[in-house]
Amino acid sequence: MIQKLSIVIITFNEEKNIRRCIESAQEIADEIIVLDSFSTDATESICNELGVTFSKHKFDGHIQQKNRVMQMAANDWVLSLDADEAPDERLMQNIKMVMQAPTADAYYFNRKTSYLGKWIEHSGWYPDKKLRLLKKSKGKWGGINPHDKIEMQSATKQEYIKGDLLHYSFYSIEQHIAQVNSFTTIAAKVEFEKGKKSNWFIAFYKSSWKFIRDYFFKRGFLDGYYGFLVCSISAFATFSKYIKLTELRKNKRD
């Protein structure tokens with residue numbers, strides 16, 4: 001039996017990306033819902049121009065916002081996208097085929113990232129498997145903010161489909177580092193609330209291993225200059241999270 005598909009997206013100041021995301025998904029969607037966190041740019045006007053369902057809610061966390069928009073969907077089958085993502089043609093055709101007669105409760109596929117205009121093929125960034133197509137009655141967003149993930153109920157069936165979810169990530173190094181600073185602050189606070197320990201040695205060890213693993217074992221060197229940037233900033237992100245956690249624990253003791 002052919003299933004109807006809802007595509008759900010959360011946004012905040014995504015005027016650079018949202019048009020590409022929506023237009024790429026219109027071919028496979030029975031409805032598209034955007035939940036915005038009160039953008040101050042042209043995000044809302046672009047969404048209205050493209051005729052999607054547009055709503056607003058104060059941002060209270062990636063997990064909370066993504067679960068909220070998923071429950072707004074009229075259909076049980078949903079495809080959850082970020083505003084800077086777009087399915088490639090192969091993935092779209094395979095999703096169409098799956099919706100003709102689904103044989104699982106959820107589907108995952110590879111995500112491929114464009115970094116400063118360069119497609120990253122290694123560096124721990126590809127293949128980056130993402131479970132995004134699911135029955136909302138069988139799963140929801142979980143994990144730890146801001147690194148959320150879909151968690152399925154027990155005894156559900158998952159299958160892999162071919163094609164790439166194209167991720168248009170960062171347009172500048174400044175943008176990348178700004179996100180690292182924001183995300184590591186959130187992550188450190190979450191880890192602190194869970195009682196996780198850290199110190200300068202853990203920060204050094206974890207970040208050093210992160211670079212070695214991604215650049216050498218995951219062949220980041222094959223991505224050239226951009227692979228070196230990705231692996232270096234990823235290692236810096238690891239260092240930042242643990243050193244911020246160290247400071248939070250130190251301040252608590254003081």
# chains A, B, ... in the order shown; residues from 1 in each chain; ligands from 1
>>> residues_around(residues="range 124-134 of chain A", least_positions_apart="6", cutoff="7 Å", atoms="only C-alpha atoms", output="PDB file with C-alpha atoms, in the first residue's frame")
ATOM      1  CA  TRP A  77       5.703   8.297   7.743  1.00  0.00           C
ATOM      2  CA  VAL A  78       8.072  11.246   8.144  1.00  0.00           C
ATOM      3  CA  LEU A  79      11.406  12.291   6.677  1.00  0.00           C
ATOM      4  CA  SER A  80      13.274  14.608   9.032  1.00  0.00           C
ATOM      5  CA  ASP A 105       9.686   0.700  10.225  1.00  0.00           C
ATOM      6  CA  ALA A 106      12.628   3.009   9.511  1.00  0.00           C
ATOM      7  CA  TYR A 107      15.326   3.590   6.908  1.00  0.00           C
ATOM      8  CA  TYR A 108      18.836   4.978   7.100  1.00  0.00           C
ATOM      9  CA  PHE A 109      21.197   6.239   4.418  1.00  0.00           C
ATOM     10  CA  ASN A 110      24.516   8.023   3.996  1.00  0.00           C
ATOM     11  CA  ARG A 111      24.980  11.744   4.469  1.00  0.00           C
ATOM     12  CA  LYS A 112      27.648  13.479   2.402  1.00  0.00           C
ATOM     13  CA  ILE A 150      16.394   9.132  16.216  1.00  0.00           C
ATOM     14  CA  ASP A 214      40.102  10.850  11.701  1.00  0.00           C
ATOM     15  CA  LYS A 218      39.742   7.308   8.634  1.00  0.00           C
TER      16      LYS A 218
END
>>> residues_around(residues="Val69 in chain A", least_positions_apart="2", cutoff="10 Å", atoms="only C-alpha atoms", output="number ranges by chain")
A: 7-10, 33-36, 55-57, 64-67, 71-73, 80
>>> write_last_selection(atoms="N, CA and C atoms", output="compact mmCIF listing (two decimals), in the first residue's frame")
# COMPACT_ATOMS: atom_id res chain seq x y z
N ILE A 7 7.42 15.65 5.25
CA ILE A 7 8.81 16.08 5.46
C ILE A 7 8.80 17.21 6.48
N VAL A 8 9.61 17.07 7.53
CA VAL A 8 9.62 18.02 8.63
C VAL A 8 11.01 18.64 8.77
N ILE A 9 11.04 19.94 9.03
CA ILE A 9 12.29 20.71 9.06
C ILE A 9 12.21 21.72 10.20
N ILE A 10 13.28 21.90 10.95
CA ILE A 10 13.35 23.01 11.91
C ILE A 10 14.32 24.05 11.36
N ILE A 33 6.47 20.53 6.44
CA ILE A 33 6.21 21.36 7.61
C ILE A 33 7.53 21.94 8.11
N VAL A 34 7.55 23.24 8.29
CA VAL A 34 8.72 23.94 8.83
C VAL A 34 8.35 24.53 10.19
N LEU A 35 9.14 24.21 11.20
CA LEU A 35 8.98 24.80 12.53
C LEU A 35 10.16 25.72 12.79
N ASP A 36 9.88 26.99 12.89
CA ASP A 36 10.91 28.02 12.98
C ASP A 36 11.05 28.55 14.40
N SER A 55 5.24 27.20 10.95
CA SER A 55 4.86 27.52 12.33
C SER A 55 6.09 28.01 13.09
N LYS A 56 5.83 28.60 14.25
CA LYS A 56 6.92 29.12 15.08
C LYS A 56 6.79 28.59 16.50
N HIS A 57 7.94 28.35 17.11
CA HIS A 57 7.98 27.97 18.52
C HIS A 57 9.35 28.36 19.07
N GLN A 64 13.95 18.58 21.46
CA GLN A 64 12.58 19.00 21.72
C GLN A 64 11.92 19.57 20.47
N GLN A 65 12.67 20.41 19.74
CA GLN A 65 12.09 21.05 18.56
C GLN A 65 11.81 20.04 17.44
N LYS A 66 12.71 19.08 17.28
CA LYS A 66 12.53 18.08 16.22
C LYS A 66 11.39 17.12 16.54
N ASN A 67 11.24 16.77 17.80
CA ASN A 67 10.09 15.94 18.17
C ASN A 67 8.79 16.71 18.02
N GLN A 71 5.62 15.60 15.46
CA GLN A 71 4.25 15.33 15.90
C GLN A 71 3.23 16.22 15.18
N MET A 72 3.67 17.27 14.54
CA MET A 72 2.77 18.11 13.76
C MET A 72 2.40 17.48 12.42
N ALA A 73 3.14 16.47 12.01
CA ALA A 73 2.92 15.84 10.70
C ALA A 73 1.58 15.12 10.66
N SER A 80 12.79 13.45 8.28
CA SER A 80 13.27 14.61 9.03
C SER A 80 14.55 15.14 8.39
>>> atom_distance(atom1="CA of Asp88 in chain A", atom2="CA of Ala25 in chain A")
9.4 Å
>>> residues_around(residues="Asp76 in chain A", least_positions_apart="5", cutoff="10 Å", atoms="only C-alpha atoms", output="list in words")
Gln3, Lys4, Leu5, Ser6, Met70, Gln71, Leu134, Lys135, Lys136, Ser137 and Lys138 of chain A
>>> residues_around(residues="Tyr225 in chain A", least_positions_apart="3", cutoff="12 Å", atoms="only C-alpha atoms", output="mmCIF file with N, CA and C atoms, in the first residue's frame")
data_model
loop_
_atom_site.group_PDB
_atom_site.id
_atom_site.type_symbol
_atom_site.label_atom_id
_atom_site.label_comp_id
_atom_site.auth_asym_id
_atom_site.auth_seq_id
_atom_site.Cartn_x
_atom_site.Cartn_y
_atom_site.Cartn_z
ATOM 1 N N TYR A 115 32.000 20.948 2.468
ATOM 2 C CA TYR A 115 32.688 21.816 3.429
ATOM 3 C C TYR A 115 33.485 22.874 2.675
ATOM 4 N N LEU A 116 33.088 24.129 2.823
ATOM 5 C CA LEU A 116 33.714 25.244 2.096
ATOM 6 C C LEU A 116 33.683 24.972 0.584
ATOM 7 N N LYS A 118 33.721 21.971 -0.859
ATOM 8 C CA LYS A 118 34.409 20.726 -1.204
ATOM 9 C C LYS A 118 33.670 19.538 -0.583
ATOM 10 N N ILE A 120 33.432 16.185 1.147
ATOM 11 C CA ILE A 120 34.345 15.424 1.994
ATOM 12 C C ILE A 120 34.007 13.941 1.874
ATOM 13 N N SER A 123 37.677 11.470 6.445
ATOM 14 C CA SER A 123 37.843 12.358 7.607
ATOM 15 C C SER A 123 36.851 12.091 8.738
ATOM 16 N N TYR A 215 42.254 11.616 10.855
ATOM 17 C CA TYR A 215 43.176 12.002 9.783
ATOM 18 C C TYR A 215 43.924 10.801 9.209
ATOM 19 N N GLY A 220 41.550 10.912 6.472
ATOM 20 C CA GLY A 220 41.270 12.319 6.220
ATOM 21 C C GLY A 220 42.294 12.961 5.300
ATOM 22 N N PHE A 221 43.509 12.414 5.281
ATOM 23 C CA PHE A 221 44.559 12.970 4.421
ATOM 24 C C PHE A 221 44.183 12.883 2.944
ATOM 25 N N LEU A 222 43.279 11.951 2.594
ATOM 26 C CA LEU A 222 42.853 11.831 1.201
ATOM 27 C C LEU A 222 41.948 12.987 0.775
ATOM 28 N N PHE A 228 42.432 18.134 6.263
ATOM 29 C CA PHE A 228 43.236 18.582 7.391
ATOM 30 C C PHE A 228 42.456 19.580 8.244
ATOM 31 N N LEU A 229 41.736 20.497 7.583
ATOM 32 C CA LEU A 229 40.916 21.463 8.326
ATOM 33 C C LEU A 229 39.842 20.758 9.135
ATOM 34 N N VAL A 230 39.120 19.851 8.487
ATOM 35 C CA VAL A 230 38.027 19.136 9.158
ATOM 36 C C VAL A 230 38.544 18.374 10.373
ATOM 37 N N CYS A 231 39.618 17.626 10.195
ATOM 38 C CA CYS A 231 40.155 16.824 11.297
ATOM 39 C C CYS A 231 40.719 17.697 12.417
ATOM 40 N N SER A 232 41.344 18.801 12.063
ATOM 41 C CA SER A 232 41.913 19.700 13.072
ATOM 42 C C SER A 232 40.818 20.370 13.891
#
>>> select_by_dssp(residues="range 15-81 of chain A", states="strand (DSSP E)", output="count of residues only")
15
>>> residues_around(residues="Ile144 in chain A", least_positions_apart="5", cutoff="8 Å", atoms="only C-alpha atoms", output="PyMOL selection string")
chain A and resi 63+187+190
>>> write_last_selection(atoms="N, CA and C atoms", output="PDB file, in the first residue's frame")
ATOM      1  N   ILE A  63      16.498  18.406  20.253  1.00  0.00           N
ATOM      2  CA  ILE A  63      15.665  17.219  20.420  1.00  0.00           C
ATOM      3  C   ILE A  63      14.201  17.613  20.590  1.00  0.00           C
ATOM      4  N   ALA A 187      27.185  20.937  25.014  1.00  0.00           N
ATOM      5  CA  ALA A 187      27.569  19.561  25.332  1.00  0.00           C
ATOM      6  C   ALA A 187      28.248  19.475  26.694  1.00  0.00           C
ATOM      7  N   VAL A 190      25.665  19.652  29.443  1.00  0.00           N
ATOM      8  CA  VAL A 190      24.924  18.389  29.560  1.00  0.00           C
ATOM      9  C   VAL A 190      25.762  17.352  30.302  1.00  0.00           C
TER      10      VAL A 190
END
>>> select_by_dssp(residues="range 163-221 of chain A", states="alpha helix (DSSP H)", output="PyMOL selection string")
chain A and resi 173-193+200-212
>>> closest_residue(among="A:Ala74, A:Ala83, A:Ala42, A:Leu50", to="Ser169 in chain A", atoms="only C-alpha atoms")
A:Ala83
>>> closest_residue(among="A:Ile2, A:His122, A:Glu23, A:Phe201", to="Arg213 in chain A", atoms="only C-alpha atoms")
A:His122
>>> residues_around(residues="Lys16 in chain A", least_positions_apart="2", cutoff="10 Å", atoms="only C-alpha atoms", output="list in words")
Asn13, Glu14, Ile18, Arg19, Arg20, Cys21, Asp41, Ala42, Thr43, Ala83 and Asp84 of chain A
>>> closest_residue(among="A:Arg68, A:Lys196, A:Lys252, A:His176", to="Ala237 in chain A", atoms="only C-alpha atoms")
A:His176
>>> atom_distance(atom1="CA of Glu159 in chain A", atom2="CA of Met99 in chain A")
13.1 Å
>>> closest_residue(among="A:Gly227, A:Thr53, A:Gln158, A:Ser240", to="Gln179 in chain A", atoms="only C-alpha atoms")
A:Ser240
>>> closest_residue(among="A:Gln93, A:Gln175, A:Thr113, A:Asn199", to="Leu248 in chain A", atoms="only C-alpha atoms")
A:Asn199
>>> atom_distance(atom1="CA of Pro87 in chain A", atom2="CA of Cys47 in chain A")
18.1 Å
>>> decode(residues="range 114-160 of chain A", atoms="N, CA and C atoms", output="mmCIF file, in the first residue's frame")
data_model
loop_
_atom_site.group_PDB
_atom_site.id
_atom_site.type_symbol
_atom_site.label_atom_id
_atom_site.label_comp_id
_atom_site.auth_asym_id
_atom_site.auth_seq_id
_atom_site.Cartn_x
_atom_site.Cartn_y
_atom_site.Cartn_z
ATOM 1 N N SER A 114 29.328 18.848 2.193
ATOM 2 C CA SER A 114 30.101 19.849 1.459
ATOM 3 C C SER A 114 30.673 20.832 2.468
ATOM 4 N N TYR A 115 32.000 20.948 2.468
ATOM 5 C CA TYR A 115 32.688 21.816 3.429
ATOM 6 C C TYR A 115 33.485 22.874 2.675
ATOM 7 N N LEU A 116 33.088 24.129 2.823
ATOM 8 C CA LEU A 116 33.714 25.244 2.096
ATOM 9 C C LEU A 116 33.683 24.972 0.584
ATOM 10 N N GLY A 117 32.621 24.316 0.132
ATOM 11 C CA GLY A 117 32.455 24.020 -1.287
ATOM 12 C C GLY A 117 33.104 22.737 -1.763
ATOM 13 N N LYS A 118 33.721 21.971 -0.859
ATOM 14 C CA LYS A 118 34.409 20.726 -1.204
ATOM 15 C C LYS A 118 33.670 19.538 -0.583
ATOM 16 N N TRP A 119 33.351 18.517 -1.391
ATOM 17 C CA TRP A 119 32.707 17.330 -0.855
ATOM 18 C C TRP A 119 33.727 16.483 -0.105
ATOM 19 N N ILE A 120 33.432 16.185 1.147
ATOM 20 C CA ILE A 120 34.345 15.424 1.994
ATOM 21 C C ILE A 120 34.007 13.941 1.874
ATOM 22 N N GLU A 121 35.004 13.142 1.480
ATOM 23 C CA GLU A 121 34.787 11.718 1.220
ATOM 24 C C GLU A 121 35.297 10.826 2.353
ATOM 25 N N HIS A 122 36.037 11.403 3.296
ATOM 26 C CA HIS A 122 36.639 10.616 4.378
ATOM 27 C C HIS A 122 36.582 11.432 5.674
ATOM 28 N N SER A 123 37.677 11.470 6.445
ATOM 29 C CA SER A 123 37.843 12.358 7.607
ATOM 30 C C SER A 123 36.851 12.091 8.738
ATOM 31 N N GLY A 124 36.237 10.902 8.756
ATOM 32 C CA GLY A 124 35.234 10.608 9.763
ATOM 33 C C GLY A 124 33.880 11.218 9.449
ATOM 34 N N TRP A 125 33.783 11.873 8.297
ATOM 35 C CA TRP A 125 32.526 12.526 7.898
ATOM 36 C C TRP A 125 31.749 11.735 6.851
ATOM 37 N N TYR A 126 32.382 10.775 6.198
ATOM 38 C CA TYR A 126 31.678 9.975 5.195
ATOM 39 C C TYR A 126 32.257 8.568 5.164
ATOM 40 N N PRO A 127 31.404 7.528 5.090
ATOM 41 C CA PRO A 127 29.942 7.637 5.092
ATOM 42 C C PRO A 127 29.421 7.949 6.492
ATOM 43 N N ASP A 128 28.469 8.849 6.564
ATOM 44 C CA ASP A 128 27.887 9.292 7.821
ATOM 45 C C ASP A 128 26.436 8.821 7.826
ATOM 46 N N LYS A 129 26.202 7.634 8.356
ATOM 47 C CA LYS A 129 24.872 7.029 8.273
ATOM 48 C C LYS A 129 23.870 7.760 9.169
ATOM 49 N N LYS A 130 22.723 8.093 8.594
ATOM 50 C CA LYS A 130 21.676 8.805 9.318
ATOM 51 C C LYS A 130 20.341 8.087 9.156
ATOM 52 N N LEU A 131 19.674 7.858 10.267
ATOM 53 C CA LEU A 131 18.327 7.308 10.238
ATOM 54 C C LEU A 131 17.372 8.494 10.293
ATOM 55 N N ARG A 132 16.667 8.755 9.202
ATOM 56 C CA ARG A 132 15.811 9.938 9.112
ATOM 57 C C ARG A 132 14.406 9.648 8.591
ATOM 58 N N LEU A 133 14.215 8.503 7.982
ATOM 59 C CA LEU A 133 12.919 8.146 7.403
ATOM 60 C C LEU A 133 12.295 7.085 8.291
ATOM 61 N N LEU A 134 11.132 7.377 8.870
ATOM 62 C CA LEU A 134 10.569 6.457 9.860
ATOM 63 C C LEU A 134 9.078 6.658 10.040
ATOM 64 N N LYS A 135 8.482 5.671 10.682
ATOM 65 C CA LYS A 135 7.131 5.824 11.205
ATOM 66 C C LYS A 135 7.246 6.570 12.533
ATOM 67 N N LYS A 136 6.603 7.704 12.639
ATOM 68 C CA LYS A 136 6.735 8.481 13.874
ATOM 69 C C LYS A 136 6.102 7.771 15.067
ATOM 70 N N SER A 137 5.207 6.830 14.789
ATOM 71 C CA SER A 137 4.593 6.055 15.872
ATOM 72 C C SER A 137 5.555 5.031 16.451
ATOM 73 N N LYS A 138 6.686 4.817 15.781
ATOM 74 C CA LYS A 138 7.643 3.794 16.216
ATOM 75 C C LYS A 138 8.980 4.361 16.702
ATOM 76 N N GLY A 139 9.138 5.691 16.661
ATOM 77 C CA GLY A 139 10.410 6.271 17.080
ATOM 78 C C GLY A 139 10.294 7.749 17.372
ATOM 79 N N LYS A 140 11.348 8.295 17.967
ATOM 80 C CA LYS A 140 11.390 9.724 18.270
ATOM 81 C C LYS A 140 12.836 10.167 18.406
ATOM 82 N N TRP A 141 13.035 11.482 18.452
ATOM 83 C CA TRP A 141 14.372 12.025 18.620
ATOM 84 C C TRP A 141 14.818 11.882 20.069
ATOM 85 N N GLY A 142 16.086 11.481 20.244
ATOM 86 C CA GLY A 142 16.681 11.352 21.565
ATOM 87 C C GLY A 142 18.146 11.723 21.494
ATOM 88 N N GLY A 143 18.962 11.088 22.323
ATOM 89 C CA GLY A 143 20.382 11.427 22.346
ATOM 90 C C GLY A 143 20.661 12.537 23.323
ATOM 91 N N ILE A 144 21.713 13.293 23.067
ATOM 92 C CA ILE A 144 22.128 14.386 23.935
ATOM 93 C C ILE A 144 22.276 15.643 23.099
ATOM 94 N N ASN A 145 21.571 16.721 23.473
ATOM 95 C CA ASN A 145 21.726 17.980 22.747
ATOM 96 C C ASN A 145 23.179 18.433 22.779
ATOM 97 N N PRO A 146 23.715 18.952 21.659
ATOM 98 C CA PRO A 146 23.052 19.148 20.377
ATOM 99 C C PRO A 146 23.225 17.968 19.408
ATOM 100 N N HIS A 147 23.777 16.847 19.924
ATOM 101 C CA HIS A 147 24.044 15.684 19.059
ATOM 102 C C HIS A 147 22.882 14.708 19.177
ATOM 103 N N ASP A 148 21.765 15.090 18.551
ATOM 104 C CA ASP A 148 20.553 14.306 18.633
ATOM 105 C C ASP A 148 20.573 13.150 17.637
ATOM 106 N N LYS A 149 19.720 12.181 17.876
ATOM 107 C CA LYS A 149 19.573 11.052 16.960
ATOM 108 C C LYS A 149 18.193 10.451 17.154
ATOM 109 N N ILE A 150 17.687 9.795 16.115
ATOM 110 C CA ILE A 150 16.394 9.132 16.216
ATOM 111 C C ILE A 150 16.580 7.788 16.910
ATOM 112 N N GLU A 151 15.744 7.534 17.899
ATOM 113 C CA GLU A 151 15.778 6.278 18.640
ATOM 114 C C GLU A 151 14.474 5.534 18.397
ATOM 115 N N MET A 152 14.579 4.321 17.888
ATOM 116 C CA MET A 152 13.416 3.515 17.574
ATOM 117 C C MET A 152 13.023 2.643 18.761
ATOM 118 N N GLN A 153 11.748 2.295 18.815
ATOM 119 C CA GLN A 153 11.270 1.375 19.833
ATOM 120 C C GLN A 153 11.891 -0.003 19.614
ATOM 121 N N SER A 154 11.857 -0.830 20.644
ATOM 122 C CA SER A 154 12.408 -2.180 20.515
ATOM 123 C C SER A 154 11.573 -2.997 19.538
ATOM 124 N N ALA A 155 12.224 -3.947 18.918
ATOM 125 C CA ALA A 155 11.578 -4.879 17.976
ATOM 126 C C ALA A 155 11.087 -4.197 16.704
ATOM 127 N N THR A 156 11.671 -3.050 16.373
ATOM 128 C CA THR A 156 11.351 -2.420 15.092
ATOM 129 C C THR A 156 12.402 -2.818 14.063
ATOM 130 N N LYS A 157 12.014 -2.804 12.814
ATOM 131 C CA LYS A 157 12.900 -3.216 11.727
ATOM 132 C C LYS A 157 13.444 -1.995 10.998
ATOM 133 N N GLN A 158 14.763 -1.980 10.765
ATOM 134 C CA GLN A 158 15.419 -0.898 10.043
ATOM 135 C C GLN A 158 16.121 -1.455 8.814
ATOM 136 N N GLU A 159 16.101 -0.688 7.741
ATOM 137 C CA GLU A 159 16.781 -1.093 6.516
ATOM 138 C C GLU A 159 17.572 0.074 5.938
ATOM 139 N N TYR A 160 18.573 -0.277 5.134
ATOM 140 C CA TYR A 160 19.428 0.720 4.478
ATOM 141 C C TYR A 160 18.955 0.960 3.048
#
